[in-house]
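As stored in coords15.txt (compact mmCIF, C-alpha atoms and all ligand atoms):
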# COMPACT_ATOMS: atom_id res chain seq x y z
CA MET A 1 4.91 12.33 -26.58
CA ILE A 2 7.09 13.94 -23.91
CA ILE A 3 5.49 13.30 -20.54
CA LYS A 4 6.08 15.57 -17.56
CA PRO A 5 4.63 15.33 -14.08
CA ARG A 6 1.45 17.34 -13.59
CA ILE A 7 0.77 17.55 -9.88
CA ARG A 8 -2.63 18.56 -8.49
CA GLY A 9 -2.59 18.56 -4.69
CA PHE A 10 -1.69 15.07 -3.58
CA ILE A 11 -2.12 13.43 -6.99
CA CYS A 12 -0.08 13.46 -10.19
CA THR A 13 -2.40 13.32 -13.21
CA THR A 14 0.26 12.00 -15.60
CA ALA A 15 2.38 8.86 -15.46
CA HIS A 16 5.45 7.84 -17.44
CA PRO A 17 5.31 4.34 -19.03
CA THR A 18 9.08 3.90 -19.35
CA GLY A 19 9.62 5.32 -15.87
CA CYS A 20 7.00 3.04 -14.32
CA ALA A 21 8.52 0.03 -16.11
CA ALA A 22 11.99 0.99 -14.85
CA HIS A 23 10.61 1.41 -11.32
CA VAL A 24 9.11 -2.09 -11.45
CA ALA A 25 12.40 -3.43 -12.84
CA GLN A 26 14.29 -1.83 -9.92
CA GLN A 27 11.97 -3.56 -7.47
CA ILE A 28 12.47 -6.90 -9.20
CA GLU A 29 16.24 -6.38 -9.12
CA HIS A 30 16.15 -5.55 -5.42
CA VAL A 31 14.29 -8.77 -4.68
CA ARG A 32 16.67 -10.84 -6.82
CA GLN A 33 19.63 -9.43 -4.94
CA GLN A 34 18.14 -10.45 -1.59
CA GLY A 35 18.20 -14.11 -2.65
CA ASP A 36 15.82 -16.90 -3.48
CA LEU A 37 13.09 -17.63 -0.93
CA SER A 38 11.41 -20.40 -2.90
CA GLY A 39 13.02 -23.23 -0.91
CA GLN A 40 12.03 -21.73 2.44
CA PRO A 41 9.27 -23.34 4.50
CA GLY A 42 6.05 -21.41 3.97
CA ALA A 43 7.12 -19.81 0.68
CA PRO A 44 3.82 -19.40 -1.21
CA LYS A 45 3.35 -20.96 -4.65
CA SER A 46 0.12 -19.34 -5.86
CA VAL A 47 -0.71 -15.88 -4.64
CA LEU A 48 -3.68 -13.59 -5.16
CA VAL A 49 -2.84 -9.90 -4.60
CA LEU A 50 -5.75 -7.48 -4.25
CA GLY A 51 -4.47 -3.96 -4.93
CA CYS A 52 -1.52 -5.25 -6.97
CA SER A 53 -0.71 -2.18 -9.05
CA GLY A 54 1.17 0.07 -6.64
CA GLY A 55 2.58 0.63 -3.17
CA TYR A 56 2.61 -2.33 -0.81
CA GLY A 57 0.48 -4.54 -3.07
CA LEU A 58 2.85 -4.27 -6.03
CA ALA A 59 5.82 -4.86 -3.72
CA SER A 60 4.11 -8.00 -2.36
CA ARG A 61 3.48 -9.26 -5.85
CA VAL A 62 7.10 -8.66 -6.88
CA VAL A 63 8.42 -10.53 -3.83
CA ALA A 64 5.92 -13.40 -4.26
CA SER A 65 6.84 -13.81 -7.92
CA PHE A 66 10.54 -13.00 -8.08
CA GLY A 67 11.52 -13.92 -4.51
CA CYS A 68 9.33 -16.98 -3.93
CA GLY A 69 8.83 -18.06 -7.55
CA ALA A 70 5.05 -17.98 -7.09
CA ALA A 71 2.35 -17.72 -9.71
CA THR A 72 0.54 -14.44 -9.07
CA LEU A 73 -2.95 -13.27 -9.89
CA GLY A 74 -3.44 -9.55 -9.34
CA VAL A 75 -6.49 -7.29 -9.11
CA SER A 76 -6.47 -3.51 -9.30
CA LEU A 77 -8.53 -0.58 -10.50
CA GLU A 78 -6.53 1.46 -12.97
CA LYS A 79 -7.20 3.56 -16.06
CA PRO A 80 -5.80 2.74 -19.53
CA PRO A 81 -4.51 5.56 -21.73
CA SER A 82 -7.14 7.46 -23.67
CA GLY A 83 -6.59 10.06 -26.39
CA ASN A 84 -3.60 12.11 -25.36
CA LYS A 85 -4.02 11.24 -21.67
CA THR A 86 -1.56 8.84 -20.12
CA ALA A 87 -2.73 5.74 -18.31
CA THR A 88 -2.53 5.70 -14.52
CA ALA A 89 0.80 4.61 -13.09
CA GLY A 90 -0.68 1.33 -11.86
CA TYR A 91 -1.70 0.42 -15.40
CA TYR A 92 1.88 0.78 -16.63
CA ASN A 93 3.19 -1.03 -13.52
CA ASN A 94 0.89 -3.99 -14.18
CA ALA A 95 1.96 -4.15 -17.82
CA ALA A 96 5.64 -4.09 -16.86
CA PHE A 97 5.15 -6.68 -14.12
CA ASP A 98 3.21 -9.09 -16.33
CA GLN A 99 5.85 -8.79 -19.04
CA ALA A 100 8.75 -9.41 -16.65
CA ALA A 101 7.00 -12.45 -15.12
CA ALA A 102 6.19 -13.85 -18.58
CA ALA A 103 9.85 -13.44 -19.56
CA GLN A 104 10.69 -15.77 -16.63
CA GLY A 105 8.03 -18.24 -17.78
CA ARG A 106 6.12 -17.50 -14.58
CA TYR A 107 2.33 -17.27 -14.47
CA ALA A 108 1.07 -13.70 -13.91
CA LYS A 109 -2.38 -12.44 -14.75
CA THR A 110 -3.84 -9.07 -13.89
CA LEU A 111 -7.56 -8.36 -13.74
CA ASP A 112 -8.75 -4.78 -13.82
CA GLY A 113 -11.99 -3.81 -12.10
CA ASP A 114 -13.72 -3.21 -8.80
CA ALA A 115 -12.41 -5.67 -6.21
CA PHE A 116 -15.37 -4.89 -3.95
CA SER A 117 -17.84 -6.29 -6.48
CA ASP A 118 -19.29 -9.83 -6.64
CA GLU A 119 -18.44 -9.82 -10.34
CA MET A 120 -14.71 -9.47 -9.67
CA LYS A 121 -14.83 -12.22 -7.07
CA ALA A 122 -16.46 -14.50 -9.68
CA ARG A 123 -13.84 -13.56 -12.31
CA VAL A 124 -11.01 -14.33 -9.93
CA ILE A 125 -12.51 -17.68 -8.91
CA SER A 126 -12.95 -18.66 -12.54
CA GLU A 127 -9.36 -17.64 -13.34
CA ILE A 128 -8.01 -19.64 -10.38
CA ARG A 129 -10.01 -22.70 -11.45
CA ASP A 130 -8.83 -22.42 -15.05
CA SER A 131 -5.17 -21.64 -14.45
CA LEU A 132 -4.04 -22.37 -10.91
CA GLY A 133 -6.42 -24.87 -9.35
CA SER A 134 -6.02 -23.26 -5.95
CA ILE A 135 -4.12 -20.50 -4.16
CA ASP A 136 -2.13 -20.69 -0.94
CA MET A 137 -1.90 -16.97 -0.13
CA LEU A 138 -4.06 -13.85 -0.42
CA VAL A 139 -2.47 -10.43 0.12
CA TYR A 140 -5.20 -7.88 0.79
CA SER A 141 -3.72 -4.45 -0.07
CA LEU A 142 -6.64 -2.38 -1.28
CA ALA A 143 -6.69 1.33 -0.44
CA SER A 144 -9.71 3.14 -1.79
CA PRO A 145 -11.76 6.24 -1.04
CA VAL A 146 -15.05 4.54 -2.04
CA ARG A 147 -16.76 1.16 -1.95
CA GLN A 148 -20.04 0.20 -3.52
CA HIS A 149 -21.47 -2.42 -1.21
CA PRO A 150 -22.15 -5.57 -3.25
CA SER A 151 -25.32 -6.50 -1.32
CA THR A 152 -26.99 -3.13 -0.72
CA GLY A 153 -25.61 -1.20 -3.71
CA GLU A 154 -24.88 1.69 -1.34
CA LEU A 155 -21.86 3.82 -2.23
CA HIS A 156 -19.75 4.35 0.91
CA ARG A 157 -17.20 7.18 0.94
CA SER A 158 -14.37 7.08 3.43
CA VAL A 159 -13.16 10.23 5.18
CA ILE A 160 -9.86 10.89 6.89
CA LYS A 161 -10.89 12.81 9.99
CA PRO A 162 -10.31 12.82 13.74
CA LEU A 163 -12.98 11.58 16.13
CA GLY A 164 -14.58 13.49 18.96
CA GLU A 165 -13.11 16.99 19.06
CA ALA A 166 -11.99 19.33 16.28
CA LEU A 167 -8.23 19.02 15.94
CA GLN A 168 -5.54 21.62 15.40
CA ILE A 169 -2.30 19.93 14.42
CA LYS A 170 1.00 20.51 12.63
CA SER A 171 1.17 19.58 8.97
CA VAL A 172 3.18 20.44 5.85
CA ASN A 173 2.19 21.71 2.45
CA VAL A 174 4.32 19.32 0.40
CA ASP A 175 4.31 21.54 -2.73
CA ARG A 176 5.35 24.71 -0.99
CA GLY A 177 7.42 23.22 1.81
CA GLU A 178 5.46 25.19 4.40
CA VAL A 179 4.90 23.91 7.91
CA MET A 180 1.63 25.12 9.39
CA GLU A 181 -1.18 24.27 11.77
CA VAL A 182 -4.26 22.77 10.14
CA ASP A 183 -7.76 22.59 11.60
CA LEU A 184 -9.55 19.31 11.08
CA GLU A 185 -13.22 18.86 11.85
CA PRO A 186 -14.24 15.63 13.56
CA ALA A 187 -16.12 12.95 11.65
CA THR A 188 -19.82 12.34 12.16
CA PRO A 189 -20.90 8.82 13.21
CA ASP A 190 -22.12 8.21 9.63
CA GLU A 191 -18.77 9.23 8.18
CA THR A 192 -16.98 6.92 10.60
CA ALA A 193 -19.27 4.02 9.69
CA ALA A 194 -18.71 4.71 5.97
CA THR A 195 -14.93 4.67 6.46
CA VAL A 196 -15.16 1.32 8.24
CA ALA A 197 -17.35 0.04 5.37
CA VAL A 198 -14.67 1.05 2.82
CA MET A 199 -11.38 0.33 4.61
CA GLY A 200 -12.47 -2.14 7.31
CA GLY A 201 -12.45 -5.91 7.19
CA GLU A 202 -15.83 -6.83 5.69
CA ASP A 203 -14.61 -7.07 2.11
CA TRP A 204 -11.56 -9.11 3.18
CA GLU A 205 -13.94 -11.55 4.89
CA MET A 206 -16.18 -11.64 1.80
CA TRP A 207 -13.20 -12.51 -0.39
CA VAL A 208 -12.09 -15.38 1.82
CA SER A 209 -15.65 -16.73 2.16
CA ALA A 210 -16.20 -16.60 -1.61
CA LEU A 211 -12.87 -18.28 -2.36
CA LYS A 212 -13.45 -20.96 0.28
CA GLU A 213 -16.97 -21.68 -0.87
CA ALA A 214 -15.65 -22.07 -4.41
CA GLY A 215 -13.12 -24.64 -3.15
CA VAL A 216 -10.09 -22.77 -4.50
CA LEU A 217 -8.15 -22.42 -1.24
CA GLY A 218 -5.31 -24.89 -0.80
CA ASP A 219 -4.41 -26.56 2.50
CA GLY A 220 -2.50 -24.20 4.78
CA PHE A 221 -3.89 -21.15 2.96
CA ARG A 222 -2.83 -17.88 4.63
CA THR A 223 -3.96 -14.32 4.16
CA VAL A 224 -2.48 -11.01 5.27
CA ALA A 225 -3.92 -7.48 5.30
CA PHE A 226 -2.00 -4.31 6.08
CA THR A 227 -2.39 -1.72 8.78
CA TYR A 228 -0.57 1.29 10.19
CA ILE A 229 -0.44 2.23 13.86
CA GLY A 230 2.25 4.91 14.31
CA THR A 231 2.73 6.99 17.47
CA GLU A 232 0.99 9.75 19.40
CA LEU A 233 2.18 12.23 16.73
CA THR A 234 -0.16 10.78 14.11
CA TRP A 235 -2.70 9.01 16.35
CA PRO A 236 -5.17 11.94 16.35
CA ILE A 237 -5.53 11.73 12.55
CA TYR A 238 -4.83 8.05 12.04
CA TRP A 239 -5.10 5.40 14.73
CA GLU A 240 -7.57 7.37 16.88
CA GLY A 241 -9.43 8.74 13.84
CA THR A 242 -11.76 7.28 11.24
CA LEU A 243 -9.00 5.26 9.56
CA GLY A 244 -8.03 3.73 12.90
CA LYS A 245 -11.63 2.56 13.38
CA ALA A 246 -11.47 0.88 9.98
CA LYS A 247 -8.12 -0.70 10.85
CA GLU A 248 -9.50 -1.91 14.20
CA ASP A 249 -12.16 -3.66 12.17
CA LEU A 250 -9.40 -5.45 10.22
CA ASP A 251 -8.23 -6.94 13.54
CA ARG A 252 -11.76 -8.20 14.17
CA ALA A 253 -11.90 -9.63 10.64
CA ALA A 254 -8.53 -11.38 11.01
CA ALA A 255 -9.85 -13.35 14.00
CA ALA A 256 -13.10 -14.20 12.19
CA ILE A 257 -11.25 -15.30 9.03
CA SER A 258 -8.79 -17.41 11.03
CA GLY A 259 -11.79 -19.21 12.54
CA GLU A 260 -13.17 -19.87 9.08
CA LEU A 261 -9.82 -21.21 7.88
CA ALA A 262 -9.22 -23.58 10.79
CA ASP A 263 -10.24 -26.68 8.82
CA LEU A 264 -7.66 -25.82 6.14
CA SER A 265 -4.97 -25.34 8.83
CA GLY A 266 -4.80 -21.80 7.50
CA GLY A 267 -4.99 -18.40 9.08
CA ALA A 268 -5.27 -14.65 8.68
CA ARG A 269 -2.98 -11.97 10.05
CA VAL A 270 -2.84 -8.23 10.02
CA ALA A 271 0.67 -6.89 9.38
CA VAL A 272 1.63 -3.49 10.80
CA LEU A 273 3.77 -1.81 8.15
CA LYS A 274 5.99 1.26 8.19
CA ALA A 275 5.03 4.68 6.81
CA VAL A 276 6.12 4.97 3.16
CA VAL A 277 5.06 7.25 0.32
CA THR A 278 2.23 5.78 -1.74
CA GLN A 279 -0.77 7.31 -3.48
CA ALA A 280 -3.02 6.36 -0.57
CA MET A 281 -0.67 7.72 2.07
CA SER A 282 -0.10 11.08 0.35
CA ALA A 283 -3.80 11.87 0.80
CA ILE A 284 -3.62 11.77 4.60
CA PRO A 285 -3.08 15.16 6.31
CA VAL A 286 -0.25 15.41 8.88
CA VAL A 287 1.35 12.09 7.83
CA PRO A 288 3.61 13.67 5.13
CA LEU A 289 5.21 15.89 7.83
CA TYR A 290 5.69 12.92 10.15
CA ALA A 291 7.04 10.81 7.27
CA SER A 292 9.49 13.51 6.15
CA LEU A 293 10.88 13.74 9.70
CA LEU A 294 10.94 9.95 10.00
CA PHE A 295 12.74 9.42 6.68
CA ARG A 296 15.51 11.85 7.68
CA VAL A 297 16.04 10.08 11.00
CA MET A 298 15.81 6.55 9.57
CA LYS A 299 18.10 7.38 6.64
CA ASP A 300 20.68 8.95 8.97
CA ALA A 301 20.54 5.84 11.14
CA GLY A 302 20.86 3.58 8.06
CA VAL A 303 17.55 1.79 8.76
CA HIS A 304 15.24 3.38 6.17
CA GLU A 305 13.22 1.05 3.94
CA ASP A 306 11.13 1.75 0.85
CA PRO A 307 8.07 -0.41 0.10
CA ILE A 308 9.99 -3.15 -1.71
CA ALA A 309 12.71 -3.46 0.96
CA HIS A 310 10.06 -3.50 3.68
CA ILE A 311 7.90 -6.16 2.04
CA GLN A 312 10.92 -8.27 1.09
CA ARG A 313 11.87 -8.30 4.79
CA MET A 314 8.30 -9.25 5.72
CA PHE A 315 8.32 -12.27 3.40
CA ALA A 316 11.87 -13.28 4.33
CA THR A 317 11.45 -13.04 8.11
CA GLN A 318 7.71 -13.43 8.83
CA LEU A 319 5.91 -15.26 6.03
CA CYS A 320 8.67 -17.65 4.93
CA GLY A 321 11.29 -19.55 6.90
CA ASP A 322 10.93 -21.27 10.24
CA GLY A 323 11.96 -18.43 12.54
CA ALA A 324 9.56 -17.22 15.23
CA MET A 325 7.16 -14.53 14.04
CA ARG A 326 7.30 -11.07 15.61
CA LEU A 327 3.72 -10.74 16.86
CA ASP A 328 2.10 -8.28 19.24
CA ASP A 329 -0.58 -9.02 21.86
CA GLU A 330 -3.29 -8.80 19.20
CA GLY A 331 -1.49 -11.36 17.05
CA ARG A 332 -0.46 -8.75 14.46
CA ILE A 333 2.85 -9.11 12.60
CA ARG A 334 4.99 -6.13 13.65
CA MET A 335 7.00 -4.94 10.67
CA ASP A 336 7.16 -1.41 12.10
CA ASP A 337 9.91 -2.37 14.58
CA LEU A 338 12.56 -0.19 12.92
CA GLU A 339 10.21 2.81 12.70
CA MET A 340 9.08 2.38 16.31
CA ALA A 341 12.57 1.89 17.80
CA ASP A 342 13.10 4.32 20.71
CA PRO A 343 16.15 6.13 19.29
CA VAL A 344 14.22 6.81 16.06
CA GLN A 345 11.01 7.90 17.75
CA ASP A 346 12.79 10.01 20.42
CA THR A 347 14.46 12.07 17.70
CA VAL A 348 11.31 12.34 15.57
CA ARG A 349 9.35 13.47 18.65
CA GLU A 350 11.95 16.15 19.49
CA ARG A 351 12.05 17.42 15.93
CA TRP A 352 8.25 17.44 15.67
CA GLN A 353 8.22 20.11 18.42
CA GLU A 354 10.95 22.16 16.74
CA VAL A 355 10.10 21.85 13.06
CA SER A 356 9.10 24.99 11.15
CA THR A 357 9.17 26.16 7.53
CA GLU A 358 12.62 27.64 8.17
CA ASN A 359 14.34 24.52 9.54
CA LEU A 360 12.35 21.91 7.58
CA ALA A 361 15.17 21.17 5.11
CA GLU A 362 17.57 20.56 7.97
CA LEU A 363 15.35 18.48 10.27
CA ALA A 364 13.28 16.58 7.73
CA ASP A 365 13.63 14.90 4.36
CA LEU A 366 10.85 16.58 2.41
CA GLU A 367 13.02 16.28 -0.71
CA GLY A 368 13.12 12.49 -0.28
CA PHE A 369 9.37 12.48 0.27
CA ARG A 370 8.84 14.45 -2.97
CA GLU A 371 11.21 12.16 -4.89
CA ASP A 372 9.36 9.07 -3.66
CA PHE A 373 6.06 10.69 -4.63
CA LEU A 374 7.26 11.35 -8.19
CA LYS A 375 8.67 7.82 -8.47
CA ILE A 376 5.18 6.41 -7.88
CA PHE A 377 4.24 7.97 -11.23
CA GLY A 378 7.43 6.90 -12.98
CA PHE A 379 9.29 10.21 -12.73
CA GLY A 380 12.84 10.76 -11.48
CA ILE A 381 13.86 7.13 -12.01
CA ASP A 382 17.60 6.63 -12.59
CA GLY A 383 18.50 5.75 -16.15
CA VAL A 384 15.28 7.02 -17.76
CA ASP A 385 15.63 9.79 -20.36
CA TYR A 386 12.57 11.96 -19.89
CA ASP A 387 13.31 14.01 -23.02
CA VAL A 388 12.71 11.02 -25.28
CA ASP A 389 9.39 10.82 -27.06
CA VAL A 390 7.42 7.87 -25.64
CA ASP A 391 4.30 6.05 -26.75
CA HIS A 392 1.92 6.57 -23.85
CA THR A 393 -0.37 3.83 -25.21
CA LEU A 394 2.38 1.32 -24.34
CA GLY A 395 1.31 -1.53 -22.17
CA HIS A 396 -1.16 -4.22 -22.99
CA ASN A 397 -4.85 -4.80 -22.58
CA ILE A 398 -5.29 -5.80 -19.00
CA GLY A 399 -8.14 -7.94 -17.77
P1 LIG B 401 -1.78 2.38 -2.94
O1 LIG B 401 -2.61 3.58 -3.16
O2 LIG B 401 -0.36 2.42 -3.37
O3 LIG B 401 -2.46 1.09 -3.62
C1 LIG B 401 -3.82 0.84 -3.56
C2 LIG B 401 -4.17 -0.30 -4.48
O4 LIG B 401 -5.60 -0.56 -4.38
C3 LIG B 401 -3.92 -0.01 -5.98
O5 LIG B 401 -3.46 -1.19 -6.60
C4 LIG B 401 -5.32 0.31 -6.53
O6 LIG B 401 -5.50 0.05 -7.90
C5 LIG B 401 -6.14 -0.66 -5.68
N1 LIG B 401 -7.57 -0.33 -5.62
C6 LIG B 401 -8.17 0.76 -5.07
N2 LIG B 401 -9.50 0.66 -5.18
C7 LIG B 401 -9.77 -0.51 -5.81
C8 LIG B 401 -10.95 -1.19 -6.21
N3 LIG B 401 -12.16 -0.70 -5.96
N4 LIG B 401 -10.82 -2.37 -6.86
C9 LIG B 401 -9.61 -2.90 -7.13
N5 LIG B 401 -8.46 -2.32 -6.75
C10 LIG B 401 -8.53 -1.15 -6.10
O7 LIG B 401 -1.91 2.05 -1.37
P2 LIG B 401 -0.90 1.51 -0.25
O8 LIG B 401 -0.41 2.66 0.55
O9 LIG B 401 0.05 0.53 -0.80
O10 LIG B 401 -1.95 0.77 0.71
C11 LIG B 401 -2.15 -0.62 0.75
C12 LIG B 401 -2.46 -1.03 2.18
O11 LIG B 401 -1.31 -0.79 3.00
C13 LIG B 401 -3.62 -0.23 2.81
O12 LIG B 401 -4.37 -1.08 3.63
C14 LIG B 401 -2.88 0.78 3.67
O13 LIG B 401 -3.65 1.26 4.74
C15 LIG B 401 -1.72 -0.08 4.16
N6 LIG B 401 -0.58 0.67 4.72
C16 LIG B 401 -0.01 1.69 4.03
C17 LIG B 401 1.05 2.39 4.63
C18 LIG B 401 1.71 3.54 3.90
O14 LIG B 401 2.49 4.25 4.53
N7 LIG B 401 1.47 3.71 2.61
C19 LIG B 401 1.52 2.03 5.90
C20 LIG B 401 0.94 0.94 6.54
C21 LIG B 401 -0.13 0.26 5.96

Would you write the structure of this file as structure tokens?
Ligand code: NAD
Amino acid sequence: MIIKPRIRGFICTTAHPTGCAAHVAQQIEHVRQQGDLSGQPGAPKSVLVLGCSGGYGLASRVVASFGCGAATLGVSLEKPPSGNKTATAGYYNNAAFDQAAAAQGRYAKTLDGDAFSDEMKARVISEIRDSLGSIDMLVYSLASPVRQHPSTGELHRSVIKPLGEALQIKSVNVDRGEVMEVDLEPATPDETAATVAVMGGEDWEMWVSALKEAGVLGDGFRTVAFTYIGTELTWPIYWEGTLGKAKEDLDRAAAAISGELADLSGGARVAVLKAVVTQAMSAIPVVPLYASLLFRVMKDAGVHEDPIAHIQRMFATQLCGDGAMRLDDEGRIRMDDLEMADPVQDTVRERWQEVSTENLAELADLEGFREDFLKIFGFGIDGVDYDVDVDHTLGHNIG
């Protein structure tokens, strides 16, 4: 069939198999061009990626496999095609990734299901035992609106809200290109606790404990989880809001996990990443306006990175090699140095005050934001003919 984007709010309900495959291929090509990391000290050999099907998780998997030559086991929650409905983009991404890795003779296995469940932890452990023996790195890149707690069975739903006072703040309607003020109600204590339960560090800790108990962590095992901090422009909705509370909990978990890994000479770190367009990020109010302004400024300054470029730099400069790591006082890896640089932030801050519907196209890069959004679903990828009939059942049976 001919597949076109069908956008509903901040989600696209269709995905293009050929486009997704081409997008994965572009990421692989980018990593190849940056050079081989496999000989570098610290280059991982067997990597588990939780949240492997898109955004920063997929980028991590591509760098681990095609940059470091690692075997990769991935976990994600995606939907296969059914009837005349396309699969989710992540499903096609996984299929394309697994195929490309297999073509290199490199181990890649993708398991589909709920990473928060005990069942998935057991499946992963059994797969590691059967195929890898042990792993030396876990990338924790889940972003989810819900988590069913494995012990209590309770379904926690995260919310993206400010804390304390109601908030009136600038935002953009990405579809219409309209800048406006939005009113956001503050979260209740229960909503905040639920958000920490979904996006905080407990599940990360549970994963490491389960893997350690099963004896499948190699000596020197390291794990990294991702956070965003940003500036005062987005703090009210992010770092000082419900999501920030969850991310604070990741910092707590990193310290606890590092303690647990001491006897393996391993450790856990939180990495602060830059704002990029992903499915998870598009759902956050205010951030698309900030990101559109940021992209314009970073592109003009020649320092913009997309997820694959950003993660490639993280592996090359922070996770591999023997250079000193760029850590903050909390021991987090700071990958947001280019985003946070004064000349970038000074201009973004100025433009934030000035930006309106009328001057949006001049001050911001909403077009680039929209293009990146479509690319997530396999649309607008160079070299793909979208008028060609495609088999939307393409891909393989995952997991
Ligand atoms: P994304 O939406 O692109 O990917 C989320 C992944 O989680 C997908 O692979 C999805 O299948 C998987 N997933 C969701 N629920 C699952 C479940 N129950 N079981 C198994 N898999 C599940 O998200 P992203 O933006 O790449 O976010 C990854 C991490 O990076 C998050 O911690 C996010 O906060 C962080 N981060 C994102 C940005 C950004 O700008 N996008 C910036 C800094 C940090």

- Task: List all protein, DNA and RNA residues that have an atom no more than 6 Å from any atom of ligand LIG 401 (chain B), counting all atoms listed in the file, and report them as a PyMOL selection string.
- Result: chain A and resi 51-57+75-78+113-116+141-144+226-228+273-281

Hey, can you spit out that residue selection with C-alpha atoms as a PDB file, keeping the file's coordinate frame?
ATOM      1  CA  GLY A  51      -4.470  -3.960  -4.930  1.00  0.00           C
ATOM      2  CA  CYS A  52      -1.520  -5.250  -6.970  1.00  0.00           C
ATOM      3  CA  SER A  53      -0.710  -2.180  -9.050  1.00  0.00           C
ATOM      4  CA  GLY A  54       1.170   0.070  -6.640  1.00  0.00           C
ATOM      5  CA  GLY A  55       2.580   0.630  -3.170  1.00  0.00           C
ATOM      6  CA  TYR A  56       2.610  -2.330  -0.810  1.00  0.00           C
ATOM      7  CA  GLY A  57       0.480  -4.540  -3.070  1.00  0.00           C
ATOM      8  CA  VAL A  75      -6.490  -7.290  -9.110  1.00  0.00           C
ATOM      9  CA  SER A  76      -6.470  -3.510  -9.300  1.00  0.00           C
ATOM     10  CA  LEU A  77      -8.530  -0.580 -10.500  1.00  0.00           C
ATOM     11  CA  GLU A  78      -6.530   1.460 -12.970  1.00  0.00           C
ATOM     12  CA  GLY A 113     -11.990  -3.810 -12.100  1.00  0.00           C
ATOM     13  CA  ASP A 114     -13.720  -3.210  -8.800  1.00  0.00           C
ATOM     14  CA  ALA A 115     -12.410  -5.670  -6.210  1.00  0.00           C
ATOM     15  CA  PHE A 116     -15.370  -4.890  -3.950  1.00  0.00           C
ATOM     16  CA  SER A 141      -3.720  -4.450  -0.070  1.00  0.00           C
ATOM     17  CA  LEU A 142      -6.640  -2.380  -1.280  1.00  0.00           C
ATOM     18  CA  ALA A 143      -6.690   1.330  -0.440  1.00  0.00           C
ATOM     19  CA  SER A 144      -9.710   3.140  -1.790  1.00  0.00           C
ATOM     20  CA  PHE A 226      -2.000  -4.310   6.080  1.00  0.00           C
ATOM     21  CA  THR A 227      -2.390  -1.720   8.780  1.00  0.00           C
ATOM     22  CA  TYR A 228      -0.570   1.290  10.190  1.00  0.00           C
ATOM     23  CA  LEU A 273       3.770  -1.810   8.150  1.00  0.00           C
ATOM     24  CA  LYS A 274       5.990   1.260   8.190  1.00  0.00           C
ATOM     25  CA  ALA A 275       5.030   4.680   6.810  1.00  0.00           C
ATOM     26  CA  VAL A 276       6.120   4.970   3.160  1.00  0.00           C
ATOM     27  CA  VAL A 277       5.060   7.250   0.320  1.00  0.00           C
ATOM     28  CA  THR A 278       2.230   5.780  -1.740  1.00  0.00           C
ATOM     29  CA  GLN A 279      -0.770   7.310  -3.480  1.00  0.00           C
ATOM     30  CA  ALA A 280      -3.020   6.360  -0.570  1.00  0.00           C
ATOM     31  CA  MET A 281      -0.670   7.720   2.070  1.00  0.00           C
TER      32      MET A 281
END

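Distance-wise, CA of Val47 in chain A and CA of Ala100 in chain A end up 16.6 Å apart.
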
- Message: Let me make sure I understand: among A:Gln33, A:Thr18, A:Asn94, A:Thr192, which one has the smallest atom-to-atom distance to Gln312 in chain A if we use only C-alpha atoms?
- Response: A:Gln33

- Task: For CA of Ala43 in chain A and CA of Phe315 in chain A, quote the distance in Å rounded to one decimal.
- Result: 8.1 Å

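Minimum distance to Ala102 in chain A across A:Ala71, A:Ala122, A:Val287, A:Ile333 (counting all atoms listed in the file) occurs at A:Ala71.
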
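Of note, CA of Ser151 in chain A and CA of Lys121 in chain A are spaced 13.3 Å apart.
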
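Distance annotation: of A:Met340, A:Asp190, A:Trp204, A:Val174, the residue with the minimal separation from Ile11 in chain A is A:Val174; atom set is all atoms listed in the file.
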
Mind working out the centre and edge lengths of an axis-aligned box for range 330-341 of chain A, all listed atoms inside, 5 Å added to each side, rounded to one decimal in Å and written as AutoDock Vina command-line options?
--center_x 4.6 --center_y -4.3 --center_z 14.9 --size_x 25.9 --size_y 24.2 --size_z 18.5
